[in-house]
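As structure tokens, the structure follows; a few thoughts come after it.
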Amino acid sequence: MKQPSAPNVLTTDTLKNPSMAGVLEAVVGPWGAVLINLALVVSVVGAFLSWTLLAAEVPHVAGKDGTMPKFFGRESERGVPSTSLLITNLLVQAFLVIALFAQSTYQALFYIASAAILVPYIFSGAFAAKLALTGESYQSGERRSGPLFAGVLATIYGLWLVYAAGPAYLFMCAILYAPGIIFYVWARRESSQRVFHPVEAVIAAALVAVAILAVYEMWTGAVSAL
């Protein structure tokens, strides 16, 4: 007597990326996989476009208000931040090429960048708390307890995220932060302002020293992002 064939069982070994396409195909047919794949393409293209614009917008705005060198604020005839777009995309392509030829570099850069973004989050929360305390952006009599609580909570949460990420990643983030000092000095000189106050000079020197040490430790293998 012929035994009935066992039903196809979906496992992580048989499913291809995106796995949801295989699941929906098994439920409703081939059109389910087509639908998921089309949606994935739209999602990836949208994310690529948004992150490209975001990466260019930050130095563009900073260049216009004097925080970054003025050339970042240049725009084309149609108002496109052409210089900022060109520089940020060249940097992205450079990192992709490095990740292509160096084993595990992409994952290492991903971990370091994830930790690097946490530090601006901390300062953003602390600055929001500072504004609530001083009342600089509030009208007289306006309640500031809510924004103050939110700023303090965001700062504490950011500190906890940095702690959870581990000191090794924060240590390696200095490699990304240190080159920013060049652009900061450039921008300050363009606006004829004092480059560093004594405390700022000490912090900048310490950041450069930590970055050099981090490069050495990563080169010798004493510290790894993986």
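How things are named: the first chain in the structure tokens is A, the next is B, and so on; residues count from 1 in each chain; ligands count from 1 in the order shown.
Using only C-alpha atoms, the contacts of A:Tyr157 at a cut-off of 10 Å, with sequence neighbours closer than 6 positions omitted, comprise A:Leu118, A:Tyr121, A:Ile122, A:Gly125, A:Gly151, A:Tyr163.
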Could you jot down the atom CA of A:Val45 to atom CA of A:Glu25 separation for me, Å, one decimal place?
23.1 Å
Taking only chain A into account, list the residues labelled alpha helix (DSSP H) by DSSP (computed from the backbone), as a ChimeraX atom specification.
/A:19-28,30-64,82-101,105-116,118-134,145-165,167-177,180-190,198-220
Any chance you could tabulate, as a tab-separated table, the residues of stretch 83-191 of chain A at most 9 Å from stretch 55-67 of chain A with each one's nearest atom pair and distance in Å to one decimal, using only C-alpha atoms, in chain and rising number order?
```
residue	atom	partner	partner_atom	distance
A:Thr83	CA	A:His60	CA	8.3
A:Ser84	CA	A:Ala56	CA	5.2
A:Leu85	CA	A:Ala56	CA	5.0
A:Leu86	CA	A:Ala56	CA	8.3
A:Ile87	CA	A:Ala56	CA	8.2
A:Thr88	CA	A:Ala56	CA	6.1
A:Asn89	CA	A:Ala56	CA	8.2
A:Phe183	CA	A:Thr67	CA	8.5
A:Tyr184	CA	A:Thr67	CA	6.8
A:Ala187	CA	A:Thr67	CA	6.1
A:Arg188	CA	A:Thr67	CA	7.6
A:Glu190	CA	A:Gly66	CA	8.3
A:Ser191	CA	A:Gly66	CA	7.2
```
Write a file of the selected residues as an mmCIF file, in the first residue's frame, keeping C-alpha atoms.
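Output file out.cif follows:
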```
data_model
loop_
_atom_site.group_PDB
_atom_site.id
_atom_site.type_symbol
_atom_site.label_atom_id
_atom_site.label_comp_id
_atom_site.auth_asym_id
_atom_site.auth_seq_id
_atom_site.Cartn_x
_atom_site.Cartn_y
_atom_site.Cartn_z
ATOM 1 C CA THR A 83 28.545 69.294 -2.435
ATOM 2 C CA SER A 84 27.223 67.546 0.649
ATOM 3 C CA LEU A 85 25.587 64.822 -1.455
ATOM 4 C CA LEU A 86 28.808 64.232 -3.379
ATOM 5 C CA ILE A 87 31.048 64.012 -0.308
ATOM 6 C CA THR A 88 28.728 61.807 1.773
ATOM 7 C CA ASN A 89 28.106 59.396 -1.107
ATOM 8 C CA PHE A 183 36.170 70.173 10.072
ATOM 9 C CA TYR A 184 35.394 71.906 13.355
ATOM 10 C CA ALA A 187 34.647 76.064 10.333
ATOM 11 C CA ARG A 188 35.830 78.106 13.324
ATOM 12 C CA GLU A 190 36.243 80.538 8.472
ATOM 13 C CA SER A 191 34.051 82.467 10.904
#
```
For each of A:Val41, A:Val152, A:Ala47, A:Ala33, take the minimum atom-to-atom distance to A:Ser19, counting only C-alpha atoms, then give the residue where this is smallest.
A:Ala33
I want to know what sits within 12 Å of A:Leu35, based on only C-alpha atoms, with residues of the same chain fewer than 2 positions away left out; could you give that as a list of chain:residue names?
A:Pro18, A:Met20, A:Ala21, A:Gly22, A:Val23, A:Leu24, A:Glu25, A:Val28, A:Gly29, A:Pro30, A:Trp31, A:Gly32, A:Ala33, A:Asn37, A:Leu38, A:Ala39, A:Leu40, A:Val41, A:Val42
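Restricting the calculation to only C-alpha atoms, the smallest distance between A:Ala154 and any of A:Ile182, A:Ala126, A:Val208, A:Val215 is found for A:Ala126.
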For each of A:Ala150, A:Ala178, A:Leu161, A:Leu54, take the minimum atom-to-atom distance to A:Ala205, counting only C-alpha atoms, then give the residue where this is smallest.
A:Ala178
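With only C-alpha atoms as the atoms that count, the residue of A:Val92, A:Phe196, A:Ile156, A:Pro120 with the shortest distance to A:Tyr177 is A:Pro120.
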